[in-house]
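Working notes, beginning with the structure itself.
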Protein chains: 4
Amino acid sequence: MAHEHSEDVLRRLKSIEGHVRGVQRMVEEDVYCIDVVNQIVAIQRALKKVSGILLDGHLHSCVTDALRGPDTAAREQVLGELIEVFEASGKV
Amino acid sequence: MAHEHSEDVLRRLKSIEGHVRGVQRMVEEDVYCIDVVNQIVAIQRALKKVSGILLDGHLHSCVTDALRGPDTAAREQVLGELIEVFEASGKV
Amino acid sequence: MAHEHSEDVLRRLKSIEGHVRGVQRMVEEDVYCIDVVNQIVAIQRALKKVSGILLDGHLHSCVTDALRGPDTAAREQVLGELIEVFEASGKV
Amino acid sequence: MAHEHSEDVLRRLKSIEGHVRGVQRMVEEDVYCIDVVNQIVAIQRALKKVSGILLDGHLHSCVTDALRGPDTAAREQVLGELIEVFEASGKV
């Protein structure tokens with residue numbers, strides 16, 4: 001992953017970690033359930049955004065390299081992984 | 001939320017926080033993107049489980065109390081919130 | 001379900017049926033895959049909307065009746081079903 | 001799309017169309033809401049499967065051709081479309 005790219009992903013993951021700690025405090029302080037659930041949905045969205053950034057980088061590096069390369073098995077592997085990620089993405 | 005209930009939720013959130021830190025290390029160590037994305041999907045699933053536990057508690061406490069109570073506006077509010085949570089749950 | 005309510009749901013389902021037939025034609029005419037996939041996503045959203053309307057009616061009728069009633073087992077059943085629907089809703 | 005491939009997709013879409021009609025009958029016959037919602041979830045899953053098959057074909061044809069070709073803009077376009085589909089896939 002390009003350095004700049006990975007800095008952005010790390011920054012987002014640190015923010016998500018803080019968000020998870022914030023939700024722990026909400027639970028400790030017995031905040032109204034629906035408000036806690038809405039914060040969890042916000043964290044899930046932030047994670048989805050990180051996945052999107054990672055996949056974008058992956059498509060522009062590994063996938064492009066493999067598909068432009070001569071190795072048929074390597075091509076099949078990157079394409080199979082993409083389909084698996086797509087299928088898993090809905091099943092959260 | 002019942003004390004036992006909230007202990008379980010907190011324990012899960014702490015584990016999720018550790019999981020997020022683990023993904024940060026994976027990014028720092030430049031682990032293969034697809035493996036990172038799969039860990040993020042696992043975290044999203046763990047968060048969804050926490051939402052389910054919170055909603056279960058919410059249904060058995062606030063929602064049951066409101067619907068059994070005399071206040072029509074309070075009933076409408078808890079039902080409206082449930083619909084919103086359901087609609088948001090798919091849009092992650 | 002209230003009559004008016006069920007008319008709205010039926011009208012939406014007929015429109016979804018037509019949309020599915022439209023996607024069949026797209027496939028027969030060999031339309032660009034991504035455009036077909038985007039139409040499928042639109043159909044999934046329309047179905048989600050129908051689920052939301054059905055759940056809204058369900059909460060205001062069966063769930064409210066059961067929770068206001070004296071039968072503890074009936075209450076547990078409607079709440080358990082709601083949790084299951086919530087959990088399944090994300091796993092599409 | 002390869003002929004065999006598109007036959008499979010069409011067969012699935014016709015089955016989904018029949019499933020949608022079945023749900024209409026359930027609504028007309030005033031079947032229990034939760035059972036209707038569960039059938040809608042089953043249809044959404046079947047649609048997701050069709051999207052997966054279409055994407056698999058797309059990756060092996062258009063995406064592979066574009067990425068192996070000399071046209072940088074065409075490459076960017078197929079990759080951008082994939083990211084959009086991935087992002088939309090969760091927001092149903």
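By convention in this document, the chains of the structure tokens carry letters A, B, ... by their order, each chain's residues are numbered from 1, and ligands are numbered from 1 in the order they are shown.
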
Per-residue nearest contacts of chain D to chain A (7 Å; only C-alpha atoms) as a tab-separated table:
residue	atom	partner	partner_atom	distance
D:Gly52	CA	A:Ile83	CA	6.8
D:Asp56	CA	A:Ile83	CA	6.5
D:Leu59	CA	A:Leu79	CA	6.6
D:Thr64	CA	A:Leu67	CA	6.1
D:Leu67	CA	A:Thr64	CA	6.1
D:Arg68	CA	A:Arg68	CA	4.8
D:Leu79	CA	A:Leu59	CA	6.7
D:Ile83	CA	A:Asp56	CA	6.5
D:Phe86	CA	A:Phe86	CA	6.4
D:Glu87	CA	A:Gly52	CA	6.9
D:Ser89	CA	A:Gly90	CA	6.3
D:Gly90	CA	A:Gly90	CA	5.2

N, CA, C and O atoms of the current selection, written as a CSV table (one decimal), in the first residue's frame:
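So result16.csv came out as:
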chain,number,residue,atom,x,y,z
D,52,GLY,N,-23.7,-11.6,-7.7
D,52,GLY,CA,-22.4,-12.2,-7.6
D,52,GLY,C,-22.0,-12.9,-8.9
D,52,GLY,O,-20.8,-12.8,-9.3
D,56,ASP,N,-18.9,-11.8,-11.3
D,56,ASP,CA,-17.9,-12.8,-11.6
D,56,ASP,C,-17.6,-12.8,-13.1
D,56,ASP,O,-16.5,-12.8,-13.6
D,59,LEU,N,-15.8,-9.5,-14.0
D,59,LEU,CA,-14.4,-9.5,-13.7
D,59,LEU,C,-13.6,-10.3,-14.7
D,59,LEU,O,-12.5,-9.9,-15.1
D,64,THR,N,-11.0,-7.8,-16.9
D,64,THR,CA,-9.7,-8.4,-17.3
D,64,THR,C,-9.2,-7.8,-18.6
D,64,THR,O,-8.1,-7.4,-18.7
D,67,LEU,N,-8.0,-4.1,-17.9
D,67,LEU,CA,-6.8,-4.0,-17.2
D,67,LEU,C,-5.6,-4.5,-18.0
D,67,LEU,O,-4.5,-4.1,-17.8
D,68,ARG,N,-5.8,-5.5,-18.9
D,68,ARG,CA,-4.7,-6.0,-19.7
D,68,ARG,C,-4.5,-5.1,-21.0
D,68,ARG,O,-3.5,-5.2,-21.6
D,79,LEU,N,-12.3,0.0,-12.7
D,79,LEU,CA,-12.0,-0.1,-11.2
D,79,LEU,C,-12.9,0.8,-10.4
D,79,LEU,O,-13.4,0.5,-9.4
D,83,ILE,N,-15.6,-0.3,-7.3
D,83,ILE,CA,-15.6,0.3,-6.0
D,83,ILE,C,-17.0,0.8,-5.7
D,83,ILE,O,-17.6,0.6,-4.6
D,86,PHE,N,-19.2,-2.1,-4.9
D,86,PHE,CA,-18.9,-2.6,-3.6
D,86,PHE,C,-19.6,-1.7,-2.5
D,86,PHE,O,-20.2,-2.2,-1.6
D,87,GLU,N,-19.5,-0.4,-2.7
D,87,GLU,CA,-20.0,0.5,-1.7
D,87,GLU,C,-21.6,0.5,-1.7
D,87,GLU,O,-22.2,0.5,-0.6
D,89,SER,N,-23.3,-2.1,-2.5
D,89,SER,CA,-23.8,-3.4,-2.1
D,89,SER,C,-24.2,-3.5,-0.6
D,89,SER,O,-25.0,-4.3,-0.2
D,90,GLY,N,-23.5,-2.7,0.2
D,90,GLY,CA,-23.8,-2.8,1.6
D,90,GLY,C,-25.0,-1.9,2.0
D,90,GLY,O,-25.7,-2.1,3.0

From a DSSP calculation on the backbone, collect every residue of chain C in alpha helix (DSSP H) and output the set as number ranges by chain. C: 3-28, 33-58, 64-68, 72-90

Could you name the residues that touch Leu13 in chain D at 9 Å or less, counting only C-alpha atoms, but leaving out those on the same chain fewer than 6 positions away, as a PDB file with N, CA and C atoms, in the first residue's frame?
ATOM      1  N   VAL C  20     -38.095  -6.746 -11.983  1.00  0.00           N
ATOM      2  CA  VAL C  20     -37.349  -8.007 -12.182  1.00  0.00           C
ATOM      3  C   VAL C  20     -37.452  -8.447 -13.646  1.00  0.00           C
ATOM      4  N   ARG C  21     -38.646  -8.290 -14.238  1.00  0.00           N
ATOM      5  CA  ARG C  21     -38.792  -8.632 -15.665  1.00  0.00           C
ATOM      6  C   ARG C  21     -37.932  -7.702 -16.524  1.00  0.00           C
ATOM      7  N   VAL C  23     -35.110  -6.418 -15.688  1.00  0.00           N
ATOM      8  CA  VAL C  23     -33.720  -6.877 -15.581  1.00  0.00           C
ATOM      9  C   VAL C  23     -33.498  -8.106 -16.463  1.00  0.00           C
ATOM     10  N   GLN C  24     -34.530  -8.963 -16.564  1.00  0.00           N
ATOM     11  CA  GLN C  24     -34.415 -10.116 -17.471  1.00  0.00           C
ATOM     12  C   GLN C  24     -34.166  -9.643 -18.900  1.00  0.00           C
TER      13      GLN C  24
ATOM     14  N   ALA D  46     -31.428 -14.151  -2.987  1.00  0.00           N
ATOM     15  CA  ALA D  46     -31.359 -14.701  -4.344  1.00  0.00           C
ATOM     16  C   ALA D  46     -30.854 -13.632  -5.322  1.00  0.00           C
ATOM     17  N   LEU D  47     -31.278 -12.389  -5.105  1.00  0.00           N
ATOM     18  CA  LEU D  47     -30.813 -11.290  -5.966  1.00  0.00           C
ATOM     19  C   LEU D  47     -29.317 -11.049  -5.774  1.00  0.00           C
ATOM     20  N   VAL D  50     -27.409 -13.479  -7.755  1.00  0.00           N
ATOM     21  CA  VAL D  50     -27.367 -13.101  -9.169  1.00  0.00           C
ATOM     22  C   VAL D  50     -26.305 -12.017  -9.391  1.00  0.00           C
TER      23      VAL D  50
END

To one decimal place in Å, what is the distance between CA of Glu17 in chain A and CA of Ile43 in chain A?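 Going from CA of Glu17 in chain A over to CA of Ile43 in chain A, I get 9.2 Å.
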
Chain fit of chain C to chain B, all Cα atoms, as a tab-separated table (two decimals) with N, CA and C atoms, in the first residue's frame:
chain	number	residue	atom	x	y	z
C	1	MET	N	-30.32	-1.01	31.49
C	1	MET	CA	-29.90	-2.35	31.09
C	1	MET	C	-29.54	-3.15	32.34
C	2	ALA	N	-29.91	-4.41	32.36
C	2	ALA	CA	-29.54	-5.26	33.50
C	2	ALA	C	-28.02	-5.33	33.59
C	3	HIS	N	-27.49	-5.42	34.84
C	3	HIS	CA	-26.05	-5.37	35.08
C	3	HIS	C	-25.29	-6.45	34.29
C	4	GLU	N	-25.77	-7.70	34.37
C	4	GLU	CA	-25.11	-8.82	33.72
C	4	GLU	C	-25.03	-8.62	32.21
C	5	HIS	N	-26.15	-8.18	31.67
C	5	HIS	CA	-26.30	-7.82	30.28
C	5	HIS	C	-25.22	-6.81	29.86
C	6	SER	N	-25.10	-5.76	30.64
C	6	SER	CA	-24.19	-4.67	30.28
C	6	SER	C	-22.74	-5.12	30.43
C	7	GLU	N	-22.46	-6.06	31.35
C	7	GLU	CA	-21.10	-6.62	31.47
C	7	GLU	C	-20.73	-7.36	30.18
C	8	ASP	N	-21.67	-8.13	29.65
C	8	ASP	CA	-21.43	-8.88	28.42
C	8	ASP	C	-21.14	-7.92	27.26
C	9	VAL	N	-21.96	-6.87	27.17
C	9	VAL	CA	-21.77	-5.89	26.09
C	9	VAL	C	-20.41	-5.20	26.22
C	10	LEU	N	-20.03	-4.83	27.44
C	10	LEU	CA	-18.74	-4.15	27.64
C	10	LEU	C	-17.57	-5.07	27.29
C	11	ARG	N	-17.68	-6.33	27.70
C	11	ARG	CA	-16.63	-7.29	27.40
C	11	ARG	C	-16.46	-7.43	25.88
C	12	ARG	N	-17.58	-7.48	25.17
C	12	ARG	CA	-17.52	-7.58	23.71
C	12	ARG	C	-16.92	-6.32	23.09
C	13	LEU	N	-17.28	-5.16	23.63
C	13	LEU	CA	-16.75	-3.91	23.06
C	13	LEU	C	-15.24	-3.79	23.30
C	14	LYS	N	-14.77	-4.27	24.45
C	14	LYS	CA	-13.32	-4.25	24.71
C	14	LYS	C	-12.60	-5.18	23.74
C	15	SER	N	-13.21	-6.34	23.46
C	15	SER	CA	-12.61	-7.27	22.51
C	15	SER	C	-12.58	-6.64	21.11
C	16	ILE	N	-13.65	-5.92	20.75
C	16	ILE	CA	-13.70	-5.25	19.45
C	16	ILE	C	-12.62	-4.17	19.37
C	17	GLU	N	-12.44	-3.43	20.48
C	17	GLU	CA	-11.38	-2.41	20.52
C	17	GLU	C	-10.01	-3.04	20.26
C	18	GLY	N	-9.76	-4.20	20.89
C	18	GLY	CA	-8.50	-4.90	20.66
C	18	GLY	C	-8.36	-5.37	19.22
C	19	HIS	N	-9.47	-5.80	18.66
C	19	HIS	CA	-9.49	-6.25	17.26
C	19	HIS	C	-9.14	-5.08	16.32
C	20	VAL	N	-9.67	-3.91	16.62
C	20	VAL	CA	-9.38	-2.72	15.79
C	20	VAL	C	-7.89	-2.38	15.89
C	21	ARG	N	-7.32	-2.50	17.10
C	21	ARG	CA	-5.87	-2.25	17.24
C	21	ARG	C	-5.07	-3.30	16.46
C	22	GLY	N	-5.56	-4.54	16.46
C	22	GLY	CA	-4.89	-5.59	15.70
C	22	GLY	C	-4.87	-5.27	14.20
C	23	VAL	N	-5.97	-4.71	13.73
C	23	VAL	CA	-6.03	-4.35	12.31
C	23	VAL	C	-5.06	-3.20	12.01
C	24	GLN	N	-4.91	-2.29	12.98
C	24	GLN	CA	-3.92	-1.21	12.80
C	24	GLN	C	-2.52	-1.80	12.61
C	25	ARG	N	-2.19	-2.78	13.45
C	25	ARG	CA	-0.87	-3.42	13.31
C	25	ARG	C	-0.73	-4.09	11.94
C	26	MET	N	-1.82	-4.74	11.49
C	26	MET	CA	-1.77	-5.37	10.17
C	26	MET	C	-1.44	-4.34	9.09
C	27	VAL	N	-2.05	-3.17	9.20
C	27	VAL	CA	-1.81	-2.12	8.20
C	27	VAL	C	-0.37	-1.63	8.30
C	28	GLU	N	0.12	-1.43	9.54
C	28	GLU	CA	1.51	-0.97	9.74
C	28	GLU	C	2.51	-1.99	9.18
C	29	GLU	N	2.16	-3.27	9.32
C	29	GLU	CA	3.08	-4.33	8.85
C	29	GLU	C	2.80	-4.68	7.39
C	30	ASP	N	1.95	-3.90	6.76
C	30	ASP	CA	1.69	-4.07	5.33
C	30	ASP	C	1.18	-5.47	4.97
C	31	VAL	N	0.30	-6.00	5.80
C	31	VAL	CA	-0.31	-7.30	5.53
C	31	VAL	C	-1.17	-7.20	4.26
C	32	TYR	N	-1.33	-8.32	3.57
C	32	TYR	CA	-2.11	-8.38	2.32
C	32	TYR	C	-3.52	-7.80	2.54
C	33	CYS	N	-3.89	-6.85	1.67
C	33	CYS	CA	-5.14	-6.08	1.79
C	33	CYS	C	-6.38	-6.93	2.07
C	34	ILE	N	-6.49	-8.02	1.32
C	34	ILE	CA	-7.69	-8.85	1.44
C	34	ILE	C	-7.81	-9.41	2.86
C	35	ASP	N	-6.67	-9.76	3.46
C	35	ASP	CA	-6.69	-10.28	4.84
C	35	ASP	C	-7.14	-9.18	5.81
C	36	VAL	N	-6.71	-7.95	5.55
C	36	VAL	CA	-7.13	-6.83	6.40
C	36	VAL	C	-8.64	-6.62	6.24
C	37	VAL	N	-9.11	-6.61	4.99
C	37	VAL	CA	-10.55	-6.40	4.74
C	37	VAL	C	-11.37	-7.50	5.43
C	38	ASN	N	-10.88	-8.74	5.38
C	38	ASN	CA	-11.63	-9.82	6.04
C	38	ASN	C	-11.70	-9.62	7.56
C	39	GLN	N	-10.62	-9.08	8.16
C	39	GLN	CA	-10.67	-8.79	9.60
C	39	GLN	C	-11.67	-7.67	9.89
C	40	ILE	N	-11.75	-6.70	8.99
C	40	ILE	CA	-12.71	-5.60	9.18
C	40	ILE	C	-14.14	-6.16	9.12
C	41	VAL	N	-14.38	-7.09	8.18
C	41	VAL	CA	-15.70	-7.71	8.10
C	41	VAL	C	-16.02	-8.44	9.41
C	42	ALA	N	-15.00	-9.12	9.99
C	42	ALA	CA	-15.21	-9.82	11.26
C	42	ALA	C	-15.58	-8.83	12.36
C	43	ILE	N	-14.95	-7.66	12.37
C	43	ILE	CA	-15.27	-6.63	13.39
C	43	ILE	C	-16.70	-6.13	13.19
C	44	GLN	N	-17.09	-5.93	11.93
C	44	GLN	CA	-18.46	-5.46	11.65
C	44	GLN	C	-19.48	-6.47	12.16
C	45	ARG	N	-19.15	-7.78	11.99
C	45	ARG	CA	-20.05	-8.81	12.48
C	45	ARG	C	-20.15	-8.78	14.00
C	46	ALA	N	-19.01	-8.58	14.66
C	46	ALA	CA	-19.00	-8.52	16.13
C	46	ALA	C	-19.83	-7.32	16.61
C	47	LEU	N	-19.74	-6.21	15.89
C	47	LEU	CA	-20.54	-5.02	16.26
C	47	LEU	C	-22.03	-5.30	16.07
C	48	LYS	N	-22.35	-5.97	14.98
C	48	LYS	CA	-23.75	-6.33	14.71
C	48	LYS	C	-24.30	-7.19	15.85
C	49	LYS	N	-23.47	-8.11	16.34
C	49	LYS	CA	-23.89	-8.97	17.44
C	49	LYS	C	-24.19	-8.12	18.69
C	50	VAL	N	-23.33	-7.13	18.95
C	50	VAL	CA	-23.56	-6.23	20.10
C	50	VAL	C	-24.87	-5.47	19.92
C	51	SER	N	-25.13	-4.97	18.72
C	51	SER	CA	-26.41	-4.28	18.45
C	51	SER	C	-27.58	-5.21	18.75
C	52	GLY	N	-27.46	-6.46	18.35
C	52	GLY	CA	-28.54	-7.43	18.58
C	52	GLY	C	-28.80	-7.61	20.07
C	53	ILE	N	-27.73	-7.72	20.86
C	53	ILE	CA	-27.88	-7.89	22.31
C	53	ILE	C	-28.53	-6.65	22.92
C	54	LEU	N	-28.07	-5.46	22.47
C	54	LEU	CA	-28.64	-4.22	23.00
C	54	LEU	C	-30.13	-4.12	22.65
C	55	LEU	N	-30.47	-4.48	21.40
C	55	LEU	CA	-31.86	-4.39	20.98
C	55	LEU	C	-32.73	-5.37	21.74
C	56	ASP	N	-32.17	-6.56	21.98
C	56	ASP	CA	-32.91	-7.56	22.74
C	56	ASP	C	-33.25	-7.00	24.13
C	57	GLY	N	-32.25	-6.41	24.78
C	57	GLY	CA	-32.50	-5.81	26.10
C	57	GLY	C	-33.52	-4.68	26.00
C	58	HIS	N	-33.37	-3.87	24.96
C	58	HIS	CA	-34.26	-2.72	24.75
C	58	HIS	C	-35.71	-3.18	24.57
C	59	LEU	N	-35.90	-4.23	23.76
C	59	LEU	CA	-37.26	-4.74	23.52
C	59	LEU	C	-37.88	-5.24	24.82
C	60	HIS	N	-37.06	-5.92	25.64
C	60	HIS	CA	-37.59	-6.49	26.88
C	60	HIS	C	-37.77	-5.45	27.99
C	61	SER	N	-37.18	-4.28	27.83
C	61	SER	CA	-37.34	-3.27	28.89
C	61	SER	C	-38.15	-2.08	28.36
C	62	CYS	N	-37.47	-1.12	27.75
C	62	CYS	CA	-38.14	0.13	27.34
C	62	CYS	C	-39.35	-0.12	26.44
C	63	VAL	N	-39.18	-0.99	25.41
C	63	VAL	CA	-40.28	-1.17	24.46
C	63	VAL	C	-41.47	-1.84	25.15
C	64	THR	N	-41.19	-2.88	25.92
C	64	THR	CA	-42.28	-3.56	26.63
C	64	THR	C	-42.98	-2.59	27.59
C	65	ASP	N	-42.18	-1.84	28.37
C	65	ASP	CA	-42.78	-0.89	29.31
C	65	ASP	C	-43.64	0.14	28.59
C	66	ALA	N	-43.09	0.70	27.51
C	66	ALA	CA	-43.84	1.76	26.80
C	66	ALA	C	-45.13	1.19	26.21
C	67	LEU	N	-45.05	0.01	25.59
C	67	LEU	CA	-46.24	-0.55	24.93
C	67	LEU	C	-47.29	-0.98	25.95
C	68	ARG	N	-46.85	-1.39	27.14
C	68	ARG	CA	-47.81	-1.78	28.17
C	68	ARG	C	-48.34	-0.56	28.93
C	69	GLY	N	-47.71	0.57	28.74
C	69	GLY	CA	-48.10	1.79	29.45
C	69	GLY	C	-49.25	2.51	28.76
C	70	PRO	N	-49.76	3.58	29.38
C	70	PRO	CA	-50.93	4.28	28.88
C	70	PRO	C	-50.61	5.42	27.90
C	71	ASP	N	-49.30	5.72	27.75
C	71	ASP	CA	-48.91	6.93	27.00
C	71	ASP	C	-48.76	6.62	25.50
C	72	THR	N	-49.78	7.04	24.70
C	72	THR	CA	-49.76	6.72	23.26
C	72	THR	C	-48.54	7.31	22.56
C	73	ALA	N	-48.15	8.52	22.92
C	73	ALA	CA	-47.00	9.16	22.29
C	73	ALA	C	-45.72	8.37	22.57
C	74	ALA	N	-45.60	7.89	23.81
C	74	ALA	CA	-44.41	7.11	24.18
C	74	ALA	C	-44.36	5.82	23.36
C	75	ARG	N	-45.53	5.21	23.15
C	75	ARG	CA	-45.59	3.99	22.34
C	75	ARG	C	-45.13	4.26	20.91
C	76	GLU	N	-45.69	5.35	20.34
C	76	GLU	CA	-45.32	5.70	18.97
C	76	GLU	C	-43.81	5.94	18.87
C	77	GLN	N	-43.25	6.57	19.92
C	77	GLN	CA	-41.82	6.88	19.85
C	77	GLN	C	-40.97	5.61	19.81
C	78	VAL	N	-41.23	4.66	20.71
C	78	VAL	CA	-40.39	3.44	20.71
C	78	VAL	C	-40.55	2.65	19.40
C	79	LEU	N	-41.78	2.64	18.86
C	79	LEU	CA	-41.98	1.90	17.61
C	79	LEU	C	-41.27	2.60	16.45
C	80	GLY	N	-41.37	3.92	16.42
C	80	GLY	CA	-40.70	4.69	15.37
C	80	GLY	C	-39.19	4.48	15.41
C	81	GLU	N	-38.63	4.46	16.63
C	81	GLU	CA	-37.19	4.23	16.78
C	81	GLU	C	-36.78	2.85	16.28
C	82	LEU	N	-37.62	1.85	16.55
C	82	LEU	CA	-37.30	0.49	16.08
C	82	LEU	C	-37.25	0.43	14.55
C	83	ILE	N	-38.23	1.07	13.92
C	83	ILE	CA	-38.25	1.08	12.45
C	83	ILE	C	-37.00	1.77	11.90
C	84	GLU	N	-36.63	2.89	12.53
C	84	GLU	CA	-35.42	3.60	12.08
C	84	GLU	C	-34.17	2.73	12.22
C	85	VAL	N	-34.07	2.03	13.35
C	85	VAL	CA	-32.90	1.17	13.55
C	85	VAL	C	-32.89	0.05	12.51
C	86	PHE	N	-34.06	-0.53	12.25
C	86	PHE	CA	-34.15	-1.58	11.24
C	86	PHE	C	-33.69	-1.05	9.87
C	87	GLU	N	-34.18	0.14	9.52
C	87	GLU	CA	-33.81	0.70	8.20
C	87	GLU	C	-32.32	1.04	8.12
C	88	ALA	N	-31.77	1.57	9.22
C	88	ALA	CA	-30.35	1.92	9.21
C	88	ALA	C	-29.48	0.67	9.19
C	89	SER	N	-29.98	-0.42	9.79
C	89	SER	CA	-29.15	-1.62	9.95
C	89	SER	C	-28.68	-2.18	8.62
C	90	GLY	N	-29.49	-2.03	7.59
C	90	GLY	CA	-29.09	-2.56	6.30
C	90	GLY	C	-28.15	-1.61	5.55
C	91	LYS	N	-28.18	-0.34	5.94
C	91	LYS	CA	-27.44	0.67	5.14
C	91	LYS	C	-26.03	0.92	5.64
C	92	VAL	N	-25.33	-0.13	5.97
C	92	VAL	CA	-23.99	0.06	6.52
C	92	VAL	C	-22.96	-0.12	5.40
